[in-house]
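This is data-v4.tsv. It holds TSV, C-alpha atoms and all ligand atoms.
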chain	number	residue	atom	x	y	z
A	1	MET	CA	-15.16	-13.36	0.66
A	2	GLN	CA	-12.87	-11.92	-2.03
A	3	PRO	CA	-9.29	-11.11	-1.00
A	4	THR	CA	-8.58	-7.38	-1.10
A	5	ASN	CA	-6.78	-5.94	-4.11
A	6	PRO	CA	-3.17	-5.26	-2.97
A	7	PHE	CA	-2.26	-2.96	-5.89
A	8	ARG	CA	-2.42	0.80	-5.33
A	9	PRO	CA	-2.95	2.81	-8.51
A	10	THR	CA	-3.24	6.08	-6.60
A	11	PHE	CA	-0.82	9.00	-6.69
A	12	GLY	CA	0.95	9.63	-3.41
A	13	VAL	CA	-0.01	6.26	-1.94
A	14	SER	CA	2.81	3.85	-1.12
A	15	PRO	CA	2.69	0.49	-2.87
A	16	THR	CA	2.35	-2.81	-1.00
A	17	ILE	CA	5.74	-3.82	-2.43
A	18	LEU	CA	8.27	-1.21	-3.47
A	19	ALA	CA	10.02	-2.20	-6.69
A	20	GLY	CA	13.57	-1.41	-7.66
A	21	ARG	CA	14.46	1.31	-5.18
A	22	ASP	CA	16.37	-0.79	-2.62
A	23	SER	CA	19.84	0.60	-3.28
A	24	LEU	CA	18.59	4.17	-3.17
A	25	LEU	CA	16.88	3.55	0.14
A	26	GLU	CA	20.03	1.89	1.47
A	27	SER	CA	22.18	4.88	0.44
A	28	PHE	CA	19.76	7.17	2.19
A	29	LYS	CA	19.81	5.16	5.42
A	30	LEU	CA	23.60	5.13	5.39
A	31	GLY	CA	23.61	8.88	4.79
A	32	LEU	CA	21.50	9.47	7.89
A	33	ALA	CA	23.70	7.28	10.05
A	34	GLU	CA	26.86	8.75	8.57
A	35	GLY	CA	26.53	12.22	10.08
A	36	PRO	CA	26.25	15.81	8.88
A	37	GLY	CA	29.23	15.42	6.53
A	38	SER	CA	27.37	13.01	4.25
A	39	PRO	CA	26.47	14.33	0.78
A	40	PHE	CA	23.09	12.66	1.27
A	41	ARG	CA	22.06	15.46	3.67
A	42	ALA	CA	20.72	17.57	0.80
A	43	LEU	CA	18.88	15.56	-1.82
A	44	LEU	CA	16.93	16.47	-4.89
A	45	ILE	CA	14.70	13.79	-6.35
A	46	SER	CA	13.46	14.39	-9.86
A	47	GLY	CA	11.28	12.25	-12.06
A	48	ALA	CA	8.28	12.29	-14.37
A	49	ARG	CA	4.72	12.27	-13.06
A	50	GLY	CA	3.97	8.81	-11.65
A	51	MET	CA	7.61	7.75	-11.36
A	52	GLY	CA	7.32	7.40	-7.59
A	53	LYS	CA	8.73	10.63	-6.14
A	54	THR	CA	6.14	11.09	-3.41
A	55	VAL	CA	6.41	7.42	-2.49
A	56	MET	CA	10.18	7.81	-2.20
A	57	LEU	CA	9.72	10.75	0.17
A	58	ASN	CA	7.38	8.60	2.27
A	59	GLU	CA	9.95	5.80	2.31
A	60	PHE	CA	12.70	8.21	3.34
A	61	GLU	CA	10.51	9.53	6.15
A	62	ASP	CA	9.84	6.01	7.38
A	63	ALA	CA	13.55	5.16	7.22
A	64	ALA	CA	14.37	8.29	9.21
A	65	ALA	CA	11.68	7.54	11.78
A	66	GLU	CA	13.13	4.05	12.18
A	67	GLN	CA	16.42	5.64	13.19
A	68	GLY	CA	14.52	7.79	15.68
A	69	TRP	CA	14.72	10.95	13.59
A	70	VAL	CA	12.13	13.68	13.74
A	71	LYS	CA	10.45	14.21	10.38
A	72	VAL	CA	9.07	17.52	9.26
A	73	ARG	CA	7.03	17.83	6.06
A	74	VAL	CA	6.83	21.25	4.44
A	75	TYR	CA	4.48	22.43	1.72
A	76	PRO	CA	5.77	24.63	-1.07
A	77	ASP	CA	3.51	27.65	-0.78
A	78	GLU	CA	4.19	31.28	-0.01
A	79	THR	CA	3.62	30.71	3.71
A	80	MET	CA	6.05	27.79	3.89
A	81	VAL	CA	8.59	29.40	6.24
A	82	HIS	CA	5.94	31.01	8.41
A	83	THR	CA	4.08	27.73	8.84
A	84	LEU	CA	7.31	25.93	9.70
A	85	THR	CA	8.45	28.55	12.19
A	86	ASN	CA	5.15	29.14	13.91
A	87	SER	CA	3.34	25.87	13.74
A	88	THR	CA	5.14	22.77	12.44
A	89	LEU	CA	8.38	23.22	14.38
A	90	PRO	CA	6.72	24.39	17.63
A	91	GLN	CA	4.59	21.25	17.43
A	92	ALA	CA	7.69	19.08	16.92
A	93	ILE	CA	9.44	20.84	19.80
A	94	GLN	CA	6.39	20.30	21.98
A	95	ASP	CA	6.33	16.59	21.07
A	96	GLN	CA	10.00	16.24	21.98
A	97	SER	CA	9.66	18.12	25.21
A	98	GLY	CA	7.01	15.70	26.38
A	99	PRO	CA	3.88	16.52	28.37
A	100	SER	CA	5.73	16.79	31.67
A	101	SER	CA	8.24	19.26	30.37
A	102	LYS	CA	8.50	22.73	31.82
A	103	ARG	CA	9.29	24.11	28.42
A	104	ILE	CA	6.49	26.24	27.10
A	105	LEU	CA	6.46	27.89	23.73
A	106	SER	CA	5.92	31.53	23.17
A	107	GLY	CA	2.28	32.05	22.11
A	108	VAL	CA	1.70	30.10	18.96
A	109	SER	CA	-1.33	28.30	17.77
A	110	ILE	CA	-0.99	24.87	16.36
A	111	PRO	CA	-3.81	23.49	14.24
A	112	GLY	CA	-5.56	20.75	16.15
A	113	VAL	CA	-3.71	21.54	19.35
A	114	GLY	CA	-5.18	24.92	20.09
A	115	GLN	CA	-3.48	27.91	21.60
A	116	ILE	CA	-0.34	27.30	23.57
A	117	THR	CA	-0.12	29.98	26.19
A	118	ALA	CA	2.69	32.45	26.26
A	119	VAL	CA	4.35	32.23	29.64
A	120	ALA	CA	7.74	30.74	28.93
A	121	ASN	CA	9.78	33.85	28.99
A	122	PRO	CA	8.51	36.97	30.67
A	123	ASP	CA	11.33	38.94	29.06
A	124	HIS	CA	9.55	40.48	26.11
A	125	SER	CA	12.75	41.85	24.68
A	126	GLN	CA	13.45	38.29	23.45
A	127	PRO	CA	13.63	38.40	19.64
A	128	ALA	CA	10.84	36.69	17.73
A	129	PRO	CA	11.71	33.13	16.78
A	130	THR	CA	13.05	32.57	13.30
A	131	LEU	CA	13.25	29.43	11.24
A	132	ILE	CA	16.88	29.00	12.24
A	133	SER	CA	16.24	29.56	15.94
A	134	ARG	CA	13.33	27.11	15.90
A	135	LEU	CA	15.43	24.47	14.17
A	136	ARG	CA	18.23	24.97	16.67
A	137	GLU	CA	15.77	24.74	19.51
A	138	LEU	CA	14.48	21.43	18.16
A	139	ALA	CA	17.97	20.10	17.44
A	140	ALA	CA	19.05	20.91	21.00
A	141	LEU	CA	16.34	18.60	22.34
A	142	LEU	CA	17.46	15.66	20.23
A	143	ARG	CA	20.13	13.27	21.42
A	144	GLY	CA	21.99	11.35	18.79
A	145	VAL	CA	19.22	11.67	16.21
A	146	GLY	CA	18.46	14.29	13.64
A	147	ILE	CA	15.78	16.22	11.80
A	148	LEU	CA	14.57	15.25	8.33
A	149	ILE	CA	12.82	17.95	6.33
A	150	THR	CA	10.92	16.81	3.26
A	151	LEU	CA	9.43	18.98	0.54
A	152	ASP	CA	7.26	17.63	-2.28
A	153	GLU	CA	6.25	19.39	-5.52
A	154	LEU	CA	9.44	21.43	-5.41
A	155	GLN	CA	8.67	22.86	-8.85
A	156	SER	CA	5.86	24.93	-7.29
A	157	ALA	CA	8.03	26.35	-4.52
A	158	ASP	CA	8.36	30.06	-4.01
A	159	ILE	CA	11.98	31.02	-4.70
A	160	SER	CA	12.45	33.29	-1.70
A	161	GLN	CA	10.81	30.81	0.67
A	162	LEU	CA	12.99	28.04	-0.67
A	163	HIS	CA	16.04	30.24	-0.30
A	164	GLU	CA	15.20	30.87	3.35
A	165	LEU	CA	14.69	27.18	4.05
A	166	ALA	CA	17.89	26.18	2.27
A	167	THR	CA	19.88	28.86	4.09
A	168	ALA	CA	18.62	27.63	7.44
A	169	VAL	CA	19.49	24.00	6.71
A	170	GLN	CA	22.89	24.98	5.38
A	171	ASP	CA	23.51	27.07	8.48
A	172	LEU	CA	22.79	24.13	10.77
A	173	LEU	CA	24.79	21.67	8.71
A	174	ARG	CA	27.75	24.00	8.90
A	175	ASP	CA	27.53	23.75	12.69
A	176	ASP	CA	27.45	19.95	12.46
A	177	VAL	CA	23.81	19.68	13.42
A	178	ASP	CA	22.23	16.41	12.32
A	179	ILE	CA	19.75	17.60	9.71
A	180	ALA	CA	18.77	16.55	6.20
A	181	LEU	CA	16.65	18.13	3.49
A	182	VAL	CA	15.03	16.07	0.76
A	183	ALA	CA	13.00	17.72	-1.97
A	184	ALA	CA	11.20	16.13	-4.91
A	185	GLY	CA	9.72	17.52	-8.10
A	186	LEU	CA	9.33	17.37	-11.86
A	187	PRO	CA	12.67	17.61	-13.72
A	188	GLU	CA	11.78	20.57	-15.91
A	189	GLY	CA	10.41	22.54	-12.96
A	190	ILE	CA	13.52	21.86	-10.91
A	191	ASP	CA	15.81	22.95	-13.72
A	192	ARG	CA	13.90	26.19	-14.06
A	193	LEU	CA	14.04	26.78	-10.32
A	194	LEU	CA	17.77	26.19	-10.17
A	195	GLN	CA	18.42	28.90	-12.72
A	196	HIS	CA	17.48	31.49	-10.09
A	197	GLU	CA	20.07	33.06	-7.90
A	198	GLY	CA	19.74	32.15	-4.27
A	199	THR	CA	19.32	28.45	-4.95
A	200	THR	CA	23.03	27.67	-4.75
A	201	PHE	CA	22.69	25.27	-1.85
A	202	ILE	CA	19.91	23.40	-3.60
A	203	ARG	CA	21.96	23.39	-6.78
A	204	ARG	CA	24.77	21.66	-4.91
A	205	ALA	CA	22.40	19.04	-3.52
A	206	GLU	CA	22.85	15.45	-4.56
A	207	ARG	CA	20.62	14.89	-7.62
A	208	ILE	CA	18.69	11.66	-7.90
A	209	HIS	CA	16.77	11.05	-11.06
A	210	LEU	CA	14.10	8.41	-10.63
A	211	GLY	CA	14.12	6.32	-13.75
A	212	GLU	CA	12.19	3.32	-14.91
A	213	VAL	CA	12.12	0.20	-12.78
A	214	ASN	CA	13.96	-2.60	-14.57
A	215	HIS	CA	12.07	-5.58	-15.91
A	216	ASN	CA	13.17	-8.15	-13.33
A	217	ASP	CA	12.41	-5.88	-10.40
A	218	ALA	CA	8.96	-5.24	-11.88
A	219	VAL	CA	8.33	-8.98	-12.34
A	220	ALA	CA	9.29	-9.59	-8.71
A	221	MET	CA	6.97	-6.79	-7.62
A	222	PHE	CA	4.02	-8.37	-9.45
A	223	ARG	CA	4.78	-11.73	-7.91
A	224	GLU	CA	5.24	-10.45	-4.36
A	225	THR	CA	2.32	-8.04	-4.40
A	226	THR	CA	-0.06	-10.70	-5.71
A	227	THR	CA	1.13	-13.18	-3.08
A	228	ALA	CA	0.79	-10.55	-0.36
A	229	GLY	CA	-2.82	-10.12	-1.47
A	230	GLY	CA	-3.49	-13.84	-1.15
A	231	ARG	CA	-3.44	-14.87	-4.80
A	232	LEU	CA	-0.90	-16.24	-7.27
A	233	ILE	CA	0.34	-14.97	-10.60
A	234	ASP	CA	1.82	-17.21	-13.31
A	235	GLU	CA	5.44	-16.47	-14.18
A	236	GLN	CA	4.53	-15.63	-17.77
A	237	ALA	CA	1.70	-13.41	-16.63
A	238	ALA	CA	4.08	-11.48	-14.34
A	239	HIS	CA	6.45	-10.97	-17.27
A	240	LEU	CA	3.62	-9.75	-19.48
A	241	ALA	CA	2.43	-7.35	-16.76
A	242	ALA	CA	5.96	-5.95	-16.44
A	243	GLN	CA	6.13	-5.58	-20.21
A	244	ILE	CA	2.82	-3.72	-20.40
A	245	SER	CA	3.79	-1.34	-17.63
A	246	VAL	CA	7.23	-0.59	-19.17
A	247	GLY	CA	8.92	0.12	-15.83
A	248	TYR	CA	6.68	3.03	-15.02
A	249	PRO	CA	5.50	2.65	-11.39
A	250	TYR	CA	2.05	4.14	-11.87
A	251	SER	CA	1.25	1.81	-14.78
A	252	MET	CA	2.66	-1.10	-12.78
A	253	GLN	CA	0.05	-0.50	-10.09
A	254	LEU	CA	-2.62	0.06	-12.72
A	255	THR	CA	-1.82	-3.15	-14.60
A	256	GLY	CA	-1.69	-5.17	-11.39
A	257	SER	CA	-4.90	-3.71	-10.07
A	258	LEU	CA	-6.85	-4.31	-13.28
A	259	ALA	CA	-5.52	-7.84	-13.77
A	260	TRP	CA	-6.51	-8.56	-10.16
A	261	ALA	CA	-10.01	-7.25	-10.86
A	262	ARG	CA	-10.21	-9.32	-14.05
A	263	ALA	CA	-9.29	-12.43	-12.04
A	264	THR	CA	-12.07	-11.59	-9.57
A	265	LEU	CA	-14.58	-11.40	-12.44
A	266	ASP	CA	-13.20	-14.63	-13.88
A	267	LYS	CA	-13.60	-16.25	-10.44
A	268	THR	CA	-9.98	-17.37	-10.23
A	269	ASP	CA	-7.33	-16.89	-7.58
A	270	ARG	CA	-4.58	-17.40	-10.08
A	271	ILE	CA	-3.74	-14.51	-12.41
A	272	ALA	CA	-2.77	-15.92	-15.80
A	273	VAL	CA	-1.71	-14.37	-19.10
A	274	THR	CA	-5.39	-14.25	-20.14
A	275	GLN	CA	-6.25	-11.84	-17.31
A	276	VAL	CA	-3.26	-9.58	-17.95
A	277	GLU	CA	-3.73	-9.48	-21.70
A	278	ALA	CA	-7.42	-8.70	-21.23
A	279	VAL	CA	-6.70	-5.43	-19.40
A	280	ARG	CA	-4.06	-3.97	-21.74
A	281	GLY	CA	-6.52	-1.60	-23.43
A	282	GLU	CA	-7.93	-0.44	-20.12
A	283	VAL	CA	-4.41	0.28	-18.79
A	284	ILE	CA	-3.84	2.58	-21.76
A	285	ARG	CA	-7.24	4.30	-21.33
A	286	ARG	CA	-6.67	4.86	-17.61
A	287	MET	CA	-3.17	6.19	-18.26
A	288	GLY	CA	-4.82	8.61	-20.66
A	289	MET	CA	-7.31	9.79	-18.06
A	290	GLN	CA	-4.97	9.93	-15.08
A	291	VAL	CA	-1.64	10.87	-16.60
A	292	HIS	CA	-1.76	12.09	-20.20
A	293	GLU	CA	-4.85	14.30	-20.09
A	294	PRO	CA	-3.65	16.25	-17.03
A	295	SER	CA	-0.18	16.69	-18.47
A	296	LEU	CA	-1.53	17.88	-21.85
A	297	HIS	CA	-4.01	20.20	-20.21
A	298	SER	CA	-2.18	23.49	-20.69
A	299	VAL	CA	-0.18	22.63	-23.80
A	300	PRO	CA	-0.81	25.19	-26.57
A	301	ASP	CA	-1.81	24.15	-30.10
A	302	GLY	CA	1.63	24.82	-31.59
A	303	GLU	CA	3.16	22.23	-29.28
A	304	LEU	CA	0.26	19.78	-29.56
A	305	THR	CA	0.78	19.69	-33.33
A	306	ILE	CA	4.34	18.49	-32.78
A	307	LEU	CA	3.18	15.81	-30.34
A	308	TYR	CA	0.63	14.55	-32.88
A	309	ALA	CA	3.27	14.53	-35.61
A	310	ILE	CA	5.55	12.38	-33.43
A	311	ALA	CA	2.67	10.03	-32.59
A	312	GLU	CA	1.95	9.62	-36.27
A	313	LEU	CA	5.55	9.14	-37.38
A	314	SER	CA	6.73	6.87	-34.58
A	315	GLN	CA	6.91	3.19	-35.47
A	316	ASP	CA	5.86	1.22	-32.39
A	317	GLY	CA	7.09	3.93	-30.03
A	318	ALA	CA	10.53	4.35	-31.65
A	319	MET	CA	12.18	7.81	-31.61
A	320	VAL	CA	11.48	10.21	-34.45
A	321	ALA	CA	13.93	12.50	-36.33
A	322	THR	CA	13.25	16.22	-35.89
A	323	GLY	CA	13.72	16.64	-39.64
A	324	ASP	CA	10.88	14.20	-40.33
A	325	ILE	CA	8.58	16.07	-37.97
A	326	ALA	CA	9.36	19.35	-39.72
A	327	ALA	CA	8.80	17.74	-43.12
A	328	LEU	CA	5.42	16.37	-42.04
A	329	MET	CA	4.44	19.81	-40.75
A	330	ASN	CA	5.79	21.46	-43.87
A	331	VAL	CA	8.19	23.78	-42.04
A	332	LYS	CA	11.96	24.16	-41.67
A	333	PRO	CA	13.39	22.22	-38.68
A	334	ASN	CA	14.55	25.38	-36.89
A	335	ALA	CA	10.98	26.72	-37.00
A	336	LEU	CA	10.18	24.12	-34.31
A	337	SER	CA	12.92	25.01	-31.87
A	338	VAL	CA	10.85	27.15	-29.48
A	339	GLN	CA	8.05	24.58	-29.15
A	340	ARG	CA	10.55	21.77	-28.97
A	341	ARG	CA	12.29	23.43	-26.03
A	342	GLN	CA	8.97	24.03	-24.28
A	343	LEU	CA	7.99	20.38	-24.68
A	344	LEU	CA	11.31	19.23	-23.28
A	345	ARG	CA	10.87	21.61	-20.37
A	346	ARG	CA	7.38	20.28	-19.69
A	347	GLY	CA	8.84	16.82	-19.42
A	348	LEU	CA	6.69	15.55	-22.28
A	349	LEU	CA	9.54	14.88	-24.71
A	350	THR	CA	13.14	13.72	-24.40
A	351	VAL	CA	16.10	13.68	-26.75
A	352	PRO	CA	17.18	10.02	-26.85
A	353	LYS	CA	19.82	10.89	-29.47
A	354	TYR	CA	20.96	14.09	-31.15
A	355	GLY	CA	18.38	15.18	-33.73
A	356	TYR	CA	15.69	12.86	-32.45
A	357	LEU	CA	12.72	13.15	-30.11
A	358	ASN	CA	10.50	10.76	-28.22
A	359	PHE	CA	7.76	10.80	-25.61
A	360	VAL	CA	8.67	10.56	-21.93
A	361	LEU	CA	5.46	8.97	-20.68
A	362	PRO	CA	4.52	5.48	-21.79
A	363	TYR	CA	1.42	5.24	-24.01
A	364	MET	CA	1.36	8.94	-24.82
A	365	ARG	CA	1.52	7.97	-28.49
A	366	GLU	CA	-1.44	5.60	-28.16
A	367	HIS	CA	-3.37	8.21	-26.22
A	368	LEU	CA	-2.89	10.83	-28.93
A	369	LEU	CA	-3.74	8.42	-31.75
A	370	ASN	CA	-6.85	7.27	-29.86
A	371	ASN	CA	-7.96	10.88	-29.39
A	372	PRO	CA	-7.65	12.59	-32.77
A	373	GLN	CA	-10.35	15.07	-31.75
A	374	HIS	CA	-7.79	16.99	-29.65
A	375	ARG	CA	-5.56	17.53	-32.63
A	376	PRO	CA	-5.29	21.19	-33.58
A	377	ILE	CA	-6.26	21.81	-37.21
A	401	LIG	N1	9.01	1.73	-6.53
A	401	LIG	C1	7.71	1.52	-6.74
A	401	LIG	N2	7.23	0.25	-6.90
A	401	LIG	C2	5.94	0.02	-7.11
A	401	LIG	N3	5.01	0.98	-7.18
A	401	LIG	C3	5.41	2.26	-7.03
A	401	LIG	C4	6.77	2.59	-6.80
A	401	LIG	N4	6.88	3.93	-6.70
A	401	LIG	C5	5.64	4.42	-6.86
A	401	LIG	N5	4.75	3.43	-7.06
A	401	LIG	C6	3.30	3.62	-7.34
A	401	LIG	O1	3.23	4.51	-8.46
A	401	LIG	C7	2.21	5.47	-8.29
A	401	LIG	C8	2.79	6.87	-8.38
A	401	LIG	O2	3.65	7.12	-7.29
A	401	LIG	P1	3.91	8.63	-6.78
A	401	LIG	O3	4.95	8.56	-5.73
A	401	LIG	O4	2.61	9.27	-6.44
A	401	LIG	O5	4.52	9.31	-8.11
A	401	LIG	P2	4.99	10.81	-8.33
A	401	LIG	O6	5.01	11.50	-6.99
A	401	LIG	O7	6.35	10.70	-8.94
A	401	LIG	O8	4.01	11.41	-9.30
A	401	LIG	C9	1.50	5.13	-6.99
A	401	LIG	O9	0.39	4.34	-7.33
A	401	LIG	C10	2.53	4.31	-6.22
A	401	LIG	O10	1.93	3.37	-5.37
A	402	MG	MG	3.95	13.13	-6.30
The structure given in the file should be rewritten as structure tokens.
Ligand SMILES: Nc1ncnc2c1ncn2[C@@H]1O[C@H](COP(=O)(O)OP(=O)(O)O)[C@@H](O)[C@H]1O
Ligand SMILES: [Mg+2]
Amino acid sequence: MQPTNPFRPTFGVSPTILAGRDSLLESFKLGLAEGPGSPFRALLISGARGMGKTVMLNEFEDAAAEQGWVKVRVYPDETMVHTLTNSTLPQAIQDQSGPSSKRILSGVSIPGVGQITAVANPDHSQPAPTLISRLRELAALLRGVGILITLDELQSADISQLHELATAVQDLLRDDVDIALVAAGLPEGIDRLLQHEGTTFIRRAERIHLGEVNHNDAVAMFRETTTAGGRLIDEQAAHLAAQISVGYPYSMQLTGSLAWARATLDKTDRIAVTQVEAVRGEVIRRMGMQVHEPSLHSVPDGELTILYAIAELSQDGAMVATGDIAALMNVKPNALSVQRRQLLRRGLLTVPKYGYLNFVLPYMREHLLNNPQHRPI
């Protein structure tokens, strides 16, 4: 029987071995144990698509659970606060109260649990529960542990809902309640969100930008993941795999997974340079399908033209001068400023140095050059 592939090239799914995020995880654990005064009680994780934001939220949740904390996941839609107040938190309160508890919630229905009957308080003059009152109710049941609230895809959050959530968390923190809020999203979306009034608390949150995993951490990840799966990888092959995936977690999983599959076809339990080299093209194609295509989906022609110009001008992925792009497009450099700003905001381009531009996502250049049919005329 073949050993199972231990690599996980799937968005939102935690890897077998987490590469290069140890110190961040350690800071987070310390922050939980530190108490409500820790700056790590309000965290904002930003990073490009596939950089490992959702995985980091999962890791934080696990770390919190290990310390006995209650974790609450919220979804950034227009019913976020309502769902929290009337279903997620009542469920958490119920779980804490235990089956033998006398505590009964005021008539709420919890998906999968059914209707919880309203008998707790016959005094109907009692005000309807709010997000803050629910959180306080939950906090009061916890002894020496706290509440972790996580929010993914922050860039899609509704401003007023987010404001309400942030206000509630801030309110509890002010009263020294053990609570933490961690949100994750795309950098450009977060920046746009923070420009709104009413996001002050979030603006003050500790910002963590998830960057590339360094080469040695990536090499170790390839080695440890392969071993965990019951095979071996040659040292040189692990280095090549790290090189191909350029520190980008999604392409790390992709490269590992494909090299593993290649080894299966080659009937070997030892991944060598041959297997890794053989999948390089497929890594780039898959990145195109899973990462580049979706992120180029809604980009208008004016911006696509700039991306193609950069792809054409860049030597082996090196940054390109804005002046050269303008010259290639036969326009004055300042004629590009609107599109340039949009592309930066979309997280597709960065400014590595004043007057220069480059792609954020690895293999975007190759993807564009391999797909000239998408080029606007
Ligand atoms: N630190 C890491 N080490 C190894 N693989 C990782 C790491 N972080 C994420 N991954 C992998 O990268 C992919 C993308 O992770 P995900 O958290 O979904 O990214 P994002 O939410 O930023 O788009 C998944 O396949 C995941 O298993
Ligand atoms: Mg994600």
(message) I need every residue sitting at most 12 Å from the point (26.7, 16.1, 1.0) (coordinates as in the file, all atoms listed in the file considered), written as JSON, numbers by chain.
(response) {"A": [28, 31, 32, 34, 35, 36, 37, 38, 39, 40, 41, 42, 43, 44, 170, 173, 174, 179, 180, 181, 182, 201, 202, 203, 204, 205, 206, 207]}
(request) For ligand LIG 401 (chain A), collect every residue having any atom at a distance of at most 9 Å from a ligand atom (counting only C-alpha atoms and all ligand atoms); output as a PyMOL selection string. (result) chain A and resi 7-22+46-58+152-153+184-186+210+213+217-218+221-222+248-254
Assuming 5 Å of padding per side, give the centre and edge lengths of the axis-aligned box around every listed atom of range 263-273 of chain A, in Å to one decimal and as AutoDock Vina command-line options.
--center_x -8.1 --center_y -14.4 --center_z -13.3 --size_x 22.9 --size_y 16.0 --size_z 21.5
(request) Just give me the residues with any atom within 12 Å of (9.1, 4.8, -30.7), file coordinates, counting all atoms listed in the file, written as a list of chain:residue names. (result)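 Within 12 Å of (9.1, 4.8, -30.7), the protein and nucleic acid residues are A:Ile310, A:Ala311, A:Glu312, A:Leu313, A:Ser314, A:Gln315, A:Asp316, A:Gly317, A:Ala318, A:Met319, A:Val320, A:Ala321, A:Leu349, A:Thr350, A:Val351, A:Pro352, A:Tyr356, A:Leu357, A:Asn358, A:Phe359, A:Val360, A:Leu361, A:Pro362, A:Tyr363, A:Met364, A:Arg365, A:Glu366.
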(message) Using only C-alpha atoms, can you tell me which of A:Val169, A:Ala326, A:Ala220, A:Val283 comes closest to Ala242 in chain A?
(response)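 Ranked by minimum distance to Ala242 in chain A, first place goes to A:Ala220.
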(request) Go ahead and compute the interatomic distance for CA of Leu343 in chain A and CA of Arg192 in chain A, in Å to one decimal. (result)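 Between CA of Leu343 in chain A and CA of Arg192 in chain A the gap works out to 13.5 Å.
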(request) Work out how far CA of Leu30 in chain A is from CA of Ala63 in chain A, in Å to one decimal. (result)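 Distance reported for this atom pair: 10.2 Å.
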(request) Can you work out which one of A:Gly144, A:Val81, A:Gly68, A:Val291 has the shortest atom-to-atom distance to ligand MG 402 (chain A), counting only C-alpha atoms and all ligand atoms? (result) A:Val291
(request) Measure the distance from CA of Pro127 in chain A to CA of Glu164 in chain A in Å and round it to one decimal. (result)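 The value is 18.0 Å.
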(request) Select, from A:Gly281, A:Gly198, A:Pro6, A:Gly211, the residue with the minimum atom-to-atom distance to Ser160 in chain A, counting all atoms listed in the file. (result)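 Of A:Gly281, A:Gly198, A:Pro6, A:Gly211, the one nearest Ser160 in chain A, counting all atoms listed in the file, is A:Gly198.
Counting all atoms listed in the file and comparing A:Gln155, A:Val331, A:Ala259, A:Ile244, the residue that lies closest to ligand MG 402 (chain A) is A:Gln155.
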(message) So that I can see what lies close to Asp171 in chain A, please list as JSON, numbers by chain the residues with an atom at most 12 Å from it, counting all atoms listed in the file and leaving out residues fewer than 3 positions away in the same chain.
(response) {"A": [36, 131, 132, 133, 135, 136, 163, 164, 165, 166, 167, 168, 174, 175, 176, 177, 178, 179, 180, 201]}
(message) For a quick check of understanding, using all atoms listed in the file, which of A:Glu66, A:Thr85, A:Pro333, A:Ile208 has the smallest distance to Leu24 in chain A?
(response)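 Between A:Glu66, A:Thr85, A:Pro333, A:Ile208, the residue approaching Leu24 in chain A most closely is A:Ile208.
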(request) Would you list the contacts of Val338 in chain A as JSON, numbers by chain, taking every protein, DNA or RNA residue within 12 Å and counting only C-alpha atoms, but skipping same-chain residues closer than 6 positions in sequence? (result) {"A": [302, 303, 306, 344, 345]}
(request) Tell me which of A:Gln161, A:Thr305, A:Ser156, A:Gln96 sits closest to ligand MG 402 (chain A), counting all atoms listed in the file. (result)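 Nearest candidate to ligand MG 402 (chain A) out of A:Gln161, A:Thr305, A:Ser156, A:Gln96: A:Ser156.
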(request) Show which residues sit within 7 Å of range 88-94 of chain A, as a list in words. Count all atoms listed in the file, and ignore same-chain residues fewer than 3 positions away. (result)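 In the requested format, the answer is Thr83, Leu84, Thr85, Ser97, Gly98, Ile110, Arg134 and Leu138 of chain A.
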Could you write range 274-280 of chain A of the block just shown to a file containing N, CA, C and O atoms, as a short mmCIF file (atom, residue, chain, number, x, y, z; two decimals), in the first residue's frame?
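Just written: decode03.cif:
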data_model
loop_
_atom_site.label_atom_id
_atom_site.label_comp_id
_atom_site.auth_asym_id
_atom_site.auth_seq_id
_atom_site.Cartn_x
_atom_site.Cartn_y
_atom_site.Cartn_z
N THR A 274 15.45 14.71 -9.05
CA THR A 274 14.72 14.37 -10.28
C THR A 274 13.21 14.58 -10.11
O THR A 274 12.56 15.16 -10.98
N GLN A 275 12.66 14.10 -9.00
CA GLN A 275 11.21 14.20 -8.79
C GLN A 275 10.79 15.67 -8.60
O GLN A 275 9.75 16.07 -9.09
N VAL A 276 11.60 16.42 -7.88
CA VAL A 276 11.23 17.82 -7.63
C VAL A 276 11.33 18.63 -8.92
O VAL A 276 10.41 19.37 -9.28
N GLU A 277 12.42 18.44 -9.63
CA GLU A 277 12.62 19.19 -10.88
C GLU A 277 11.50 18.87 -11.87
O GLU A 277 11.01 19.75 -12.59
N ALA A 278 11.07 17.62 -11.87
CA ALA A 278 10.05 17.18 -12.83
C ALA A 278 8.70 17.87 -12.65
O ALA A 278 7.91 17.94 -13.58
N VAL A 279 8.44 18.40 -11.45
CA VAL A 279 7.11 18.99 -11.22
C VAL A 279 7.09 20.52 -11.28
O VAL A 279 6.05 21.14 -11.10
N ARG A 280 8.24 21.12 -11.54
CA ARG A 280 8.33 22.59 -11.55
C ARG A 280 7.25 23.23 -12.44
O ARG A 280 6.52 24.14 -12.01
#
